[in-house]
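Participant: Sharing a structure here in structure tokens format.
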Number of protein chains: 2
Amino acid sequence: MGYRILETHDIPAYLGERGHWDDLTDIRVREVSDGNMNRVFLASCADGTRSLAVKQALPWVRVAGPSWPMSPDRADAEARAYRQVARVAPDKIPVVHGYDPENHALVMEDMSDLRVLRTLLDAGGAYGPHTSARIGEFVAQFSFATSDFGMPSAERKALVAESVSPELCKITEDVVLSEPYVEHEHNHWHPGLDDLAAALRADARLRTEVADLRHTFMTAAQALLHGDLHTGSVMVGTREGAPVVRVFDPEFSFVGPIGYDLGLYWANALVSEERARALGALSDHAEQLRLSWEAFEGGFRRLWPSRVDTFFDDAYLDRFLRRVWTDAVGYAGTEIVRRVIGFAHLTDLTTLPDPVPASRRALLLGRELIVRRGELTDVTAVRALVASLG
Amino acid sequence: MGYRILETHDIPAYLGERGHWDDLTDIRVREVSDGNMNRVFLASCADGTRSLAVKQALPWVRVAGPSWPMSPDRADAEARAYRQVARVAPDKIPVVHGYDPENHALVMEDMSDLRVLRTLLDAGGAYGPHTSARIGEFVAQFSFATSDFGMPSAERKALVAESVSPELCKITEDVVLSEPYVEHEHNHWHPGLDDLAAALRADARLRTEVADLRHTFMTAAQALLHGDLHTGSVMVGTREGAPVVRVFDPEFSFVGPIGYDLGLYWANALVSEERARALGALSDHAEQLRLSWEAFEGGFRRLWPSRVDTFFDDAYLDRFLRRVWTDAVGYAGTEIVRRVIGFAHLTDLTTLPDPVPASRRALLLGRELIVRRGELTDVTAVRALVASLG
Ligand SMILES: Nc1ncnc2c1ncn2[C@@H]1O[C@H](COP(=O)(O)OP(=O)(O)O)[C@@H](O)[C@H]1O
Ligand SMILES: Nc1ncnc2c1ncn2[C@@H]1O[C@H](COP(=O)(O)OP(=O)(O)O)[C@@H](O)[C@H]1O
Ligand SMILES: [Mg+2]
Ligand SMILES: [Mg+2]
């Protein structure tokens with residue numbers, strides 16, 4: 001832990017030392033940390049022509065303080081993920097100007113002209129026509145490049161070894177993939193969900209399916225993932241008239257099942273559709289799934305002819321993509337359930353005038369996505385499932 | 001590579017230096033290397049009351065010489081595997097007296113009173129009543145202990161990271177799990193198999209199934225494996241009237257699908273039964289599968305209540321074991337095929353007066369085990385398959 005914890009007033013000197021900023025008389029810094037884990041500072045010059053973001057991992061969870069220690073090595077995972085994405089999809093992440101492993105600090109593009117997708121959706125905004133497709137492409141490009149299709153076998157083994165992330169994976173294994181299905185002090189929910197929360201805990205079939213998804217999360221070393229791809233890890237906006245989509249905050253990155261990244265995005269899309277529906281907006285829940293899946297599948301198939309290992313044939317690609325789909329449906333279910341009765345809830349639901357009806361629908365949907373993922377073989381089937389919730 | 005390559009005459013001084021041997025006037029050494037990869041020396045005193053084995057990895061493949069370089073780090077993998085097994089099944093491996101990572105040399109129990117199982121079988125010997133059961137137990141104990149059932153999540157991640165074995169896994173990925181199904185200079189076979197070898201290369205369905213097993217081998221980080229568990233990696237015999245079974249040579253160890261270890265053993269059992277049958281002995285091919293599977297399954301189920309992660313429920317155990325079974329059937333098939341038309345063949349078949357009929361049966365059996373592994377749900381089904389070969 002012997003490293004410099006940066007405060008707002010340290011940032012100018014830090015950026016100067018690291019060669020990121022010349023004129024230290026013309027720099028203003030503000031802290032914008034709003035995530036749970038880390039600190040983020042924005043530095044800019046007076047006329048706004050130049051700006052940078054600095055993200056630093058503390059040796060604890062930011063919102064909890066030193067009473068909840070956590071290794072700042074998570075910043076290494078974030079830097080590693082950005083490095084891999086930069087090779088194949090540099091247009092979908094912030095430009096990284098430098099990573100300082102000693103101080104667990106990343107200097108990157110200031111994206112404050114963009115908006116966090118969740119904030120936008122919560123405020124009643126729309127996804128926009130490109131967002132979900134870009135996310136699907138992002139998952140295709142990143143996962144293909146770091147799979148045994150995109151990377152030579154020996155290089156992949158090195159990536160697997162250097163990318164293990166015991167502390168952050170354990171958080172997911174616990175908070176997402178087990179606690180909501182057992183009695184646990186982390187769990188909490190609206191009293192209007194008491195009966196459903198109890199029913200889910202008593203549901204033996206559900207438990208077995210979650211155990212399966214959990215073991216897959218722990219053992220299926222398919223590709224380097226983002227690991228936390230919810231709508232709060234996506235920024236959207238317009239630059240010079242063109243739509244811009246940026247994925248950020250990949251500190252939960254590890255080598256795991258590709259369906260986990262898609263599933264997280266889908267869960268957050270489905271929940272935000274429940275919010276829209278509760279507020280009286282017409283909503284086609286499955287549309288963002290369709291857009292992101294088609295972009296993912298199309299992207300993966302476009303990359304396939306460039307695979308480094310041609311022993312894998314086209315029929316195997318079909319089979320593999322079907323498995324990714326099925327996993328993604330299941331992980332979407334686990335993400336929905338944990339966001340309603342687990343540790344960390346979603347503002348999409350909690351800020352509704354009456355969160356209960358939408359939360360009940362979300363829980364029922366989550367359960368079916370998990371248990372029936374093998375039968376929900378396409379977007380139409382998911383659409384029918386949502387419709388059957390009444 | 002700057003390490004000491006030990007010759008027979010270096011062994012006494014070496015054992016003295018490392019504190020394994022006191023009276024260097026009373027020591028005789030002979031080299032017994034008969035594997036492809038490494039050197040093995042046996043040291044004993046004149047009256048035979050004390051003896052040791054020394055195994056050293058060279059910076060190349062022993063039988064090929066310096067023209068085929070290979071990292072001696074494979075000895076680290078061997079030492080690591082022995083260390084893990086020693087915690088849970090010390091009675092099924094040689095006693096390891098020390099590992100010298102600088103010189104990639106392992107000092108262990110002399111087992112020259114035992115016989116290599118393959119040699120015994122080739123000479124017409126029987127498995128004996130305990131051998132396959134011990135092997136099944138070995139796989140259960142070793143794999144459970146190094147799975148997410150037997151080891152806490154964070155410790156497991158460290159094991160996965162330290163156990164990657166790019167060079168040796170690549171050998172398996174190539175030699176076992178792809179070359180036999182394509183044109184490759186490594187492949188060779190008896191002219192009497194020309195038609196079948198060509199048919200296997202043209203078999204699209206087979207190719208896809210092997211691609212699937214290959215990708216599982218590359219990505220399913222279930223447990224630390226032996227990685228080369230054929231009948232040449234097993235010694236058997238009797239000590240003080242009791243049967244003794246020892247697994248050795250785990251240098252191909254890595255974290256992979258548990259079914260791979262069982263499948264390799266099964267393939268070698270099935271091929272040795274083909275040998276017996278060709279020589280006119282009555283043979284129940286599936287008996288060794290039954291004995292090893294029942295011991296594996298029983299062993300795993302006995303350990304289950306001690307799992308470190310009780311989120312995994314009994315119904316998930318059933319599902320997981322079914323998957324291990326199915327993988328094992330498939331890997332048995334790939335091991336049989338590669339041993340008949342791939343790089344390295346089995347003496348079980350090559351030393352037959354006429355190797356062709358048994359080799360043809362083996363190839364057909366291998367193909368069906370791979371392609372129909374999903375339907376071959378128990379030992380009876382495998383027995384019926386063997387019978388259907390005529
Ligand atoms: N490069 C950036 N440019 C502008 N704002 C950023 C940038 N990175 C992060 N932020 C802001 O900081 C917040 C927290 O960042 P995030 O990476 O999500 O941290 P955490 O790991 O704590 O979740 C984001 O929600 C966003 O508002
Ligand atoms: N501990 C031992 N005691 C006696 N003989 C051994 C021992 N270890 C290996 N051997 C002999 O040496 C041979 C080669 O050992 P092995 O570990 O299989 O080497 P390789 O890695 O080259 O295949 C074995 O087949 C066996 O005959
Ligand atoms: Mg965040
Ligand atoms: Mg050997």
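Simple scheme: letters A, B, ... for chains in structure tokens order, numbers from 1 for residues in each chain, numbers from 1 for ligands in the order shown.
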DSSP on the backbone: which residues in stretch 31-137 of chain B end up as strand (DSSP E)? Give the answer as a short mmCIF file (atom, residue, chain, number, x, y, z; two decimals) with C-alpha atoms, in the first residue's frame.
Facilitator:
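Produced file out_15.cif, reproduced below:
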```cif
data_model
loop_
_atom_site.label_atom_id
_atom_site.label_comp_id
_atom_site.auth_asym_id
_atom_site.auth_seq_id
_atom_site.Cartn_x
_atom_site.Cartn_y
_atom_site.Cartn_z
CA GLU B 31 19.97 -44.77 -16.22
CA ARG B 39 16.04 -38.75 -18.04
CA VAL B 40 15.55 -41.09 -15.11
CA PHE B 41 18.35 -42.54 -12.95
CA LEU B 42 18.15 -45.11 -10.21
CA ALA B 43 20.66 -45.01 -7.36
CA SER B 44 21.03 -47.82 -4.84
CA SER B 51 17.53 -46.61 -3.27
CA LEU B 52 16.25 -43.43 -4.93
CA ALA B 53 15.10 -42.29 -8.35
CA VAL B 54 16.21 -39.00 -9.95
CA LYS B 55 14.23 -37.57 -12.86
CA GLN B 56 15.60 -34.59 -14.74
CA TRP B 60 14.90 -30.64 -25.24
CA VAL B 61 12.89 -33.79 -25.94
CA GLY B 65 17.85 -34.35 -28.91
CA PRO B 66 18.68 -30.61 -29.02
CA SER B 67 17.02 -30.28 -32.44
CA TRP B 68 13.66 -30.37 -30.64
CA PRO B 69 14.04 -27.84 -27.84
CA VAL B 96 8.80 -37.16 -3.49
CA HIS B 97 11.93 -36.47 -1.43
CA GLY B 98 12.71 -33.15 -3.01
CA TYR B 99 12.40 -30.94 -6.04
CA ASP B 100 15.29 -28.82 -7.27
CA ALA B 105 15.32 -32.42 -11.07
CA LEU B 106 13.00 -34.45 -8.88
CA VAL B 107 14.29 -36.96 -6.31
CA MET B 108 11.72 -39.59 -5.50
CA GLU B 109 10.98 -43.09 -4.31
CA ARG B 115 6.03 -52.75 -13.19
CA VAL B 116 4.69 -50.26 -15.69
#
```
Participant: As a quick test: using only C-alpha atoms and all ligand atoms, which residues lie no more than 12 Å away from ligand 3? Give them as number ranges by chain.
Facilitator: A: 32-40, 55, 57, 61-63, 78, 116-118, 226-235, 247-252
Participant: Where does DSSP see helix (DSSP H, G or I) in stretch 334-370 of chain A, if you list the residues as a VMD selection string?
Facilitator: chain A and resid 334 to 341 347 to 350 355 to 370
Participant: For ligand 2, which of B:Arg28, B:His186, B:Arg246, B:Arg4 is the closest residue, counting only C-alpha atoms and all ligand atoms?
Facilitator: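 Among B:Arg28, B:His186, B:Arg246, B:Arg4, it is B:Arg246 that comes nearest to ligand 2.
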Participant: Neighbours of B:Phe300 within 12 Å (only C-alpha atoms; same-chain residues fewer than 4 positions away dropped), as a compact mmCIF listing (two decimals) with all heavy atoms, in the first residue's frame?
Facilitator:
```txt
# COMPACT_ATOMS: atom_id res chain seq x y z
N GLY B 136 -9.40 -44.63 -10.60
CA GLY B 136 -10.62 -43.82 -10.45
C GLY B 136 -10.59 -43.00 -9.17
O GLY B 136 -10.94 -41.82 -9.16
N GLU B 137 -10.15 -43.62 -8.09
CA GLU B 137 -10.02 -42.88 -6.82
C GLU B 137 -9.01 -41.75 -6.93
O GLU B 137 -9.21 -40.66 -6.39
CB GLU B 137 -9.51 -43.82 -5.72
CG GLU B 137 -10.57 -44.65 -5.04
CD GLU B 137 -9.91 -45.71 -4.13
OE1 GLU B 137 -8.85 -45.41 -3.52
OE2 GLU B 137 -10.45 -46.82 -4.09
N PHE B 138 -7.89 -42.07 -7.60
CA PHE B 138 -6.85 -41.05 -7.80
C PHE B 138 -7.45 -39.82 -8.49
O PHE B 138 -7.27 -38.69 -8.03
CB PHE B 138 -5.70 -41.63 -8.63
CG PHE B 138 -4.76 -40.60 -9.19
CD1 PHE B 138 -3.74 -40.08 -8.40
CD2 PHE B 138 -4.89 -40.12 -10.49
CE1 PHE B 138 -2.87 -39.12 -8.90
CE2 PHE B 138 -4.03 -39.16 -10.99
CZ PHE B 138 -3.02 -38.66 -10.20
N VAL B 139 -8.17 -40.04 -9.58
CA VAL B 139 -8.75 -38.90 -10.31
C VAL B 139 -9.75 -38.17 -9.42
O VAL B 139 -9.78 -36.93 -9.38
CB VAL B 139 -9.40 -39.35 -11.64
CG1 VAL B 139 -10.06 -38.17 -12.34
CG2 VAL B 139 -8.36 -39.99 -12.56
N ALA B 140 -10.56 -38.90 -8.67
CA ALA B 140 -11.54 -38.26 -7.79
C ALA B 140 -10.84 -37.39 -6.75
O ALA B 140 -11.18 -36.22 -6.56
CB ALA B 140 -12.39 -39.31 -7.08
N GLN B 141 -9.85 -37.93 -6.08
CA GLN B 141 -9.20 -37.20 -4.98
C GLN B 141 -8.43 -35.99 -5.47
O GLN B 141 -8.51 -34.91 -4.91
CB GLN B 141 -8.28 -38.16 -4.21
CG GLN B 141 -9.07 -39.23 -3.45
CD GLN B 141 -8.18 -40.36 -2.94
OE1 GLN B 141 -7.31 -40.85 -3.66
NE2 GLN B 141 -8.43 -40.78 -1.71
N PHE B 142 -7.69 -36.19 -6.55
CA PHE B 142 -6.86 -35.12 -7.09
C PHE B 142 -7.74 -34.02 -7.69
O PHE B 142 -7.54 -32.82 -7.42
CB PHE B 142 -5.95 -35.73 -8.16
CG PHE B 142 -4.96 -34.83 -8.81
CD1 PHE B 142 -4.42 -33.72 -8.16
CD2 PHE B 142 -4.51 -35.10 -10.11
CE1 PHE B 142 -3.48 -32.91 -8.78
CE2 PHE B 142 -3.57 -34.29 -10.73
CZ PHE B 142 -3.06 -33.19 -10.07
N SER B 143 -8.74 -34.40 -8.47
CA SER B 143 -9.54 -33.38 -9.15
C SER B 143 -10.47 -32.67 -8.17
O SER B 143 -10.63 -31.45 -8.24
CB SER B 143 -10.32 -33.98 -10.32
OG SER B 143 -11.33 -34.86 -9.87
N PHE B 144 -11.05 -33.39 -7.24
CA PHE B 144 -11.90 -32.72 -6.25
C PHE B 144 -11.09 -31.67 -5.49
O PHE B 144 -11.51 -30.52 -5.33
CB PHE B 144 -12.50 -33.73 -5.27
CG PHE B 144 -13.48 -33.11 -4.31
CD1 PHE B 144 -14.83 -33.03 -4.62
CD2 PHE B 144 -13.05 -32.58 -3.10
CE1 PHE B 144 -15.74 -32.42 -3.75
CE2 PHE B 144 -13.94 -31.98 -2.21
CZ PHE B 144 -15.29 -31.90 -2.55
N ALA B 145 -9.91 -32.05 -5.04
CA ALA B 145 -9.09 -31.16 -4.20
C ALA B 145 -8.67 -29.90 -4.94
O ALA B 145 -8.43 -28.86 -4.31
CB ALA B 145 -7.85 -31.89 -3.70
N SER B 147 -10.45 -28.53 -7.53
CA SER B 147 -11.60 -27.91 -8.19
C SER B 147 -12.17 -26.81 -7.29
O SER B 147 -11.72 -26.64 -6.16
CB SER B 147 -12.70 -28.96 -8.41
OG SER B 147 -13.31 -29.28 -7.16
N PHE B 149 -14.77 -27.06 -5.86
CA PHE B 149 -15.46 -27.75 -4.76
C PHE B 149 -14.50 -27.98 -3.60
O PHE B 149 -14.88 -27.95 -2.43
CB PHE B 149 -16.04 -29.08 -5.24
CG PHE B 149 -16.82 -28.96 -6.52
CD1 PHE B 149 -16.54 -29.76 -7.62
CD2 PHE B 149 -17.83 -28.01 -6.64
CE1 PHE B 149 -17.25 -29.64 -8.80
CE2 PHE B 149 -18.55 -27.87 -7.84
CZ PHE B 149 -18.25 -28.69 -8.92
N GLY B 150 -13.24 -28.23 -3.92
CA GLY B 150 -12.28 -28.60 -2.88
C GLY B 150 -11.35 -27.50 -2.44
O GLY B 150 -10.60 -27.67 -1.47
N ILE B 258 -11.87 -32.49 -16.23
CA ILE B 258 -11.58 -33.72 -15.48
C ILE B 258 -11.73 -34.96 -16.36
O ILE B 258 -10.97 -35.93 -16.25
CB ILE B 258 -12.51 -33.81 -14.25
CG1 ILE B 258 -12.24 -32.62 -13.32
CG2 ILE B 258 -12.34 -35.13 -13.51
CD1 ILE B 258 -13.25 -32.46 -12.17
N SER B 292 -13.11 -48.07 -12.94
CA SER B 292 -12.52 -46.76 -12.67
C SER B 292 -13.61 -45.70 -12.52
O SER B 292 -13.52 -44.82 -11.66
CB SER B 292 -11.52 -46.37 -13.76
OG SER B 292 -12.10 -46.48 -15.04
N TRP B 293 -14.67 -45.79 -13.34
CA TRP B 293 -15.74 -44.79 -13.20
C TRP B 293 -16.44 -44.92 -11.85
O TRP B 293 -16.70 -43.91 -11.18
CB TRP B 293 -16.78 -44.91 -14.33
CG TRP B 293 -17.92 -43.98 -14.07
CD1 TRP B 293 -19.14 -44.30 -13.58
CD2 TRP B 293 -17.90 -42.54 -14.21
NE1 TRP B 293 -19.91 -43.17 -13.40
CE2 TRP B 293 -19.17 -42.08 -13.79
CE3 TRP B 293 -16.95 -41.63 -14.64
CZ2 TRP B 293 -19.49 -40.71 -13.80
CZ3 TRP B 293 -17.27 -40.28 -14.65
CH2 TRP B 293 -18.53 -39.82 -14.23
N GLU B 294 -16.75 -46.16 -11.47
CA GLU B 294 -17.45 -46.33 -10.18
C GLU B 294 -16.59 -45.82 -9.03
O GLU B 294 -17.09 -45.18 -8.09
CB GLU B 294 -17.88 -47.78 -9.97
CG GLU B 294 -19.07 -48.13 -10.87
CD GLU B 294 -19.54 -49.58 -10.74
OE1 GLU B 294 -18.94 -50.35 -9.95
OE2 GLU B 294 -20.50 -49.94 -11.45
N ALA B 295 -15.31 -46.07 -9.11
CA ALA B 295 -14.42 -45.57 -8.05
C ALA B 295 -14.31 -44.06 -8.10
O ALA B 295 -14.28 -43.38 -7.07
CB ALA B 295 -13.04 -46.20 -8.18
N PHE B 296 -14.26 -43.51 -9.32
CA PHE B 296 -14.21 -42.05 -9.45
C PHE B 296 -15.49 -41.43 -8.89
O PHE B 296 -15.45 -40.54 -8.03
CB PHE B 296 -14.02 -41.64 -10.92
CG PHE B 296 -14.31 -40.19 -11.15
CD1 PHE B 296 -13.41 -39.21 -10.73
CD2 PHE B 296 -15.51 -39.78 -11.74
CE1 PHE B 296 -13.69 -37.86 -10.91
CE2 PHE B 296 -15.79 -38.43 -11.91
CZ PHE B 296 -14.88 -37.47 -11.50
N TRP B 304 -17.88 -34.98 -1.56
CA TRP B 304 -18.82 -33.87 -1.78
C TRP B 304 -19.26 -33.18 -0.48
O TRP B 304 -19.29 -31.93 -0.42
CB TRP B 304 -20.02 -34.39 -2.58
CG TRP B 304 -20.99 -33.34 -3.02
CD1 TRP B 304 -22.27 -33.17 -2.59
CD2 TRP B 304 -20.76 -32.31 -4.00
NE1 TRP B 304 -22.86 -32.11 -3.23
CE2 TRP B 304 -21.96 -31.56 -4.10
CE3 TRP B 304 -19.66 -31.94 -4.80
CZ2 TRP B 304 -22.10 -30.46 -4.96
CZ3 TRP B 304 -19.80 -30.85 -5.66
CH2 TRP B 304 -21.00 -30.13 -5.73
N PRO B 305 -19.61 -33.92 0.56
CA PRO B 305 -20.03 -33.23 1.80
C PRO B 305 -18.94 -32.34 2.38
O PRO B 305 -19.24 -31.45 3.18
CB PRO B 305 -20.36 -34.39 2.76
CG PRO B 305 -20.62 -35.56 1.86
CD PRO B 305 -19.72 -35.39 0.68
N SER B 306 -17.68 -32.55 1.99
CA SER B 306 -16.60 -31.72 2.52
C SER B 306 -16.32 -30.52 1.63
O SER B 306 -15.35 -29.79 1.86
CB SER B 306 -15.33 -32.56 2.65
OG SER B 306 -14.79 -32.84 1.36
N ARG B 307 -17.15 -30.28 0.62
CA ARG B 307 -16.87 -29.17 -0.31
C ARG B 307 -16.78 -27.84 0.44
O ARG B 307 -17.51 -27.60 1.39
CB ARG B 307 -17.92 -29.12 -1.42
CG ARG B 307 -19.34 -28.76 -0.98
CD ARG B 307 -20.33 -29.13 -2.09
NE ARG B 307 -21.72 -28.87 -1.72
CZ ARG B 307 -22.46 -29.66 -0.94
NH1 ARG B 307 -21.93 -30.76 -0.41
NH2 ARG B 307 -23.71 -29.35 -0.69
N ASP B 314 -26.71 -30.82 -4.42
CA ASP B 314 -26.56 -32.22 -4.85
C ASP B 314 -27.02 -32.43 -6.29
O ASP B 314 -26.44 -33.23 -7.02
CB ASP B 314 -27.35 -33.15 -3.92
CG ASP B 314 -26.77 -33.16 -2.51
OD1 ASP B 314 -25.66 -32.60 -2.31
OD2 ASP B 314 -27.42 -33.72 -1.60
N LEU B 317 -24.25 -31.54 -8.50
CA LEU B 317 -23.24 -32.61 -8.53
C LEU B 317 -23.62 -33.67 -9.57
O LEU B 317 -22.79 -34.09 -10.38
CB LEU B 317 -23.08 -33.25 -7.15
CG LEU B 317 -22.19 -34.49 -7.12
CD1 LEU B 317 -20.75 -34.17 -7.52
CD2 LEU B 317 -22.21 -35.15 -5.74
N ASP B 318 -24.87 -34.11 -9.54
CA ASP B 318 -25.31 -35.12 -10.51
C ASP B 318 -25.06 -34.64 -11.93
O ASP B 318 -24.54 -35.36 -12.77
CB ASP B 318 -26.81 -35.41 -10.35
CG ASP B 318 -27.13 -36.06 -9.01
OD1 ASP B 318 -26.20 -36.57 -8.35
OD2 ASP B 318 -28.32 -36.05 -8.62
N PHE B 320 -22.99 -32.30 -12.96
CA PHE B 320 -21.57 -32.15 -13.23
C PHE B 320 -20.92 -33.50 -13.54
O PHE B 320 -20.14 -33.64 -14.49
CB PHE B 320 -20.88 -31.46 -12.05
CG PHE B 320 -19.42 -31.22 -12.28
CD1 PHE B 320 -19.00 -30.25 -13.17
CD2 PHE B 320 -18.46 -31.98 -11.62
CE1 PHE B 320 -17.66 -30.04 -13.41
CE2 PHE B 320 -17.12 -31.78 -11.86
CZ PHE B 320 -16.71 -30.81 -12.75
N LEU B 321 -21.25 -34.50 -12.74
CA LEU B 321 -20.67 -35.82 -12.97
C LEU B 321 -21.10 -36.40 -14.31
O LEU B 321 -20.31 -37.06 -14.98
CB LEU B 321 -21.04 -36.77 -11.82
CG LEU B 321 -20.35 -36.47 -10.48
CD1 LEU B 321 -20.90 -37.37 -9.37
CD2 LEU B 321 -18.83 -36.62 -10.57
N VAL B 324 -18.82 -34.84 -16.80
CA VAL B 324 -17.48 -35.44 -16.76
C VAL B 324 -17.49 -36.77 -17.50
O VAL B 324 -16.59 -37.07 -18.29
CB VAL B 324 -17.01 -35.62 -15.30
CG1 VAL B 324 -15.69 -36.41 -15.26
CG2 VAL B 324 -16.83 -34.27 -14.60
```
Participant: Return as a PyMOL selection string the residues belonging to chain B that are within 7 Å of chain A, counting only C-alpha atoms.
Facilitator: chain B and resi 153-154+157+160-162+164+166-167+170+178+208+211-212+219-222+311-313+315-316
Participant: Mind giving me the straight-line distance from atom CA of B:Ala13 to atom 18 (O, counted along the ligand's line) of ligand 2 in Å, one decimal?
Facilitator: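 Atom CA of B:Ala13 sits 23.9 Å away from atom 18 (O, counted along the ligand's line) of ligand 2.
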Participant: What gap, in Å, lies between atom CA of B:Val386 and atom CA of B:Val337?
Facilitator: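 We find that atom CA of B:Val386 and atom CA of B:Val337 lie 15.0 Å from each other.
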Participant: To one decimal place, how far is atom CA of B:Pro355 from atom CA of B:Gly280 in Å?
Facilitator: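 A separation of 13.4 Å between them.
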Participant: With distances taken over only C-alpha atoms, which of B:Leu262, B:Leu58, B:Met111, B:Leu200 is nearest to B:Gly2?
Facilitator: B:Leu58
